[in-house]
Amino acid sequence: MKRTKIGTVRSVAGIKDPYIKRILSYIVGKDAFNIYRQTPSQLKHLLKGLSERQLRTPPAKGRWSIAQIVSHLYDTEVVLGFRYRMAIAQPGAPLQAFDENKWASSLRYNSADCEKKLELLIKMRRDHITLLSSLSKKEWKHYGMHEERGKETVERMVQLEAGHDINHLRQIEIIRRLFLKQAK
């Protein structure tokens, strides 16, 4: 596979949206596409050795369990796959937002098969990496119109997802450490 290079986020100083600013701050100066590519293996490593109970137990009331986070990452990948395709094939197309809490509740994240969701995420991410790796420099600048954030290029979508990945990997690391500490 050819080496894909996208722009590096150098600063988040000018970003007004607090969520976008926080998510992109995780990737400042880093190779976002490489982070995007490596997340599935990091996720698989973090889940290794955890019991079903550990995967399903939230770290605190109102917080997501590891299994719920994995389900969310999978569904985010589903949404992104559509957004990538719309932006690449129909530049300027509208991109619908989604409410992650409604999805978590309505799509039963609390009872989803974590192993199956991880397997599906890995396969879908692999497909997206293949698609994205085939893009020309010009195609990385193709965009959709996100209903909340406005113009969003394919490049920015990957940058945001890389930061999103880091955010959730960190959450999983914290939960995992909590369980390992309790086991001692």
# chains A, B, ... in the order shown; residues from 1 in each chain; ligands from 1
$ select_by_dssp --residues "stretch 4-182 of chain A" --states "helix (DSSP H, G or I)" --output "JSON, numbers by chain"
{"A": [18, 19, 20, 21, 22, 23, 24, 25, 32, 33, 34, 35, 36, 37, 38, 39, 40, 41, 42, 43, 44, 45, 46, 47, 52, 53, 54, 55, 56, 66, 67, 68, 69, 70, 71, 72, 73, 74, 75, 76, 77, 78, 79, 80, 81, 82, 83, 84, 85, 86, 87, 88, 89, 100, 101, 102, 103, 104, 105, 106, 109, 110, 111, 114, 115, 116, 117, 118, 119, 120, 121, 122, 123, 124, 125, 126, 127, 128, 129, 130, 131, 132, 133, 137, 138, 139, 140, 154, 155, 156, 157, 158, 159, 160, 161, 162, 163, 164, 165, 166, 167, 168, 169, 170, 171, 172, 173, 174, 175, 176, 177, 178, 179, 180, 181, 182]}
$ residues_around --residues "A:Leu178" --least-positions-apart "4" --cutoff "12 Å" --atoms "only C-alpha atoms" --output "VMD selection string"
chain A and resid 50 54 to 55 57 to 60 65 to 66 171 to 174 182 to 184
$ write_last_selection --atoms "N, CA and C atoms" --output "compact mmCIF listing (two decimals), in the first residue's frame"
# COMPACT_ATOMS: atom_id res chain seq x y z
N LEU A 50 -9.34 -9.02 28.76
CA LEU A 50 -10.42 -8.51 29.60
C LEU A 50 -11.60 -9.48 29.57
N GLN A 54 -15.69 -7.22 32.61
CA GLN A 54 -14.86 -6.01 32.54
C GLN A 54 -15.22 -5.18 31.31
N LEU A 55 -15.49 -5.83 30.21
CA LEU A 55 -15.87 -5.12 28.99
C LEU A 55 -17.20 -4.39 29.15
N THR A 57 -18.72 -3.42 32.16
CA THR A 57 -18.91 -2.62 33.37
C THR A 57 -18.46 -1.18 33.14
N PRO A 58 -19.38 -0.23 33.25
CA PRO A 58 -18.98 1.18 33.13
C PRO A 58 -18.08 1.58 34.30
N PRO A 59 -17.15 2.49 34.08
CA PRO A 59 -16.25 2.91 35.15
C PRO A 59 -16.95 3.74 36.22
N ALA A 60 -18.08 4.34 35.86
CA ALA A 60 -18.85 5.16 36.81
C ALA A 60 -20.26 5.33 36.24
N SER A 65 -19.17 1.86 29.13
CA SER A 65 -18.27 0.73 29.32
C SER A 65 -17.36 0.63 28.09
N ILE A 66 -16.36 -0.22 28.18
CA ILE A 66 -15.48 -0.46 27.03
C ILE A 66 -16.30 -1.00 25.85
N GLN A 171 -9.70 6.69 26.96
CA GLN A 171 -10.77 6.28 27.89
C GLN A 171 -10.67 4.79 28.20
N ILE A 172 -10.45 4.00 27.17
CA ILE A 172 -10.35 2.54 27.35
C ILE A 172 -9.13 2.20 28.20
N GLU A 173 -8.01 2.87 27.96
CA GLU A 173 -6.80 2.65 28.77
C GLU A 173 -7.07 2.91 30.25
N ILE A 174 -7.78 3.99 30.53
CA ILE A 174 -8.10 4.35 31.92
C ILE A 174 -8.98 3.28 32.55
N GLN A 182 -7.90 -3.06 40.38
CA GLN A 182 -8.86 -3.73 41.27
C GLN A 182 -8.54 -5.22 41.41
N ALA A 183 -7.95 -5.81 40.37
CA ALA A 183 -7.66 -7.24 40.38
C ALA A 183 -6.47 -7.58 41.28
N LYS A 184 -5.65 -6.58 41.58
CA LYS A 184 -4.44 -6.83 42.42
C LYS A 184 -4.77 -6.92 43.87
$ closest_atom_pairs --of "stretch 107-144 of chain A" --to "stretch 34-40 of chain A" --cutoff "10 Å" --atoms "only C-alpha atoms" --output "tab-separated table"
residue	atom	partner	partner_atom	distance
A:Leu118	CA	A:Pro40	CA	7.9
A:Glu119	CA	A:Pro40	CA	9.1
A:Leu121	CA	A:Pro40	CA	7.4
A:Ile122	CA	A:Pro40	CA	5.6
A:Lys123	CA	A:Pro40	CA	9.2
A:Arg125	CA	A:Arg37	CA	7.6
A:Arg126	CA	A:Arg37	CA	7.8
A:His128	CA	A:Arg37	CA	9.4
A:Ile129	CA	A:Arg37	CA	6.8
$ closest_atom_pairs --of "stretch 21-91 of chain A" --to "stretch 145-148 of chain A" --cutoff "12 Å" --atoms "only C-alpha atoms" --output "CSV"
residue,atom,partner,partner_atom,distance
A:Leu80,CA,A:His146,CA,11.6
A:Arg83,CA,A:His146,CA,9.1
A:Tyr84,CA,A:Met145,CA,11.6
A:Met86,CA,A:Met145,CA,9.9
A:Ala87,CA,A:Met145,CA,8.5
A:Gln90,CA,A:Met145,CA,10.7
A:Pro91,CA,A:Met145,CA,8.7
$ atom_distance --atom1 "atom CA of A:Val9" --atom2 "atom CA of A:Asp165"
15.5 Å
$ select_by_dssp --residues "stretch 11-171 of chain A" --states "strand (DSSP E)" --output "ChimeraX atom specification"
/A:94-95,143-146,150-153
$ closest_residue --among "A:Arg56, A:Lys21, A:Arg177, A:Lys16" --to "A:Ser111" --atoms "only C-alpha atoms"
A:Arg56
$ closest_residue --among "A:Cys114, A:His72, A:Val79, A:Tyr19" --to "A:Lys102" --atoms "only C-alpha atoms"
A:His72
$ atom_distance --atom1 "atom CA of A:Gly7" --atom2 "atom CA of A:Phe82"
21.8 Å
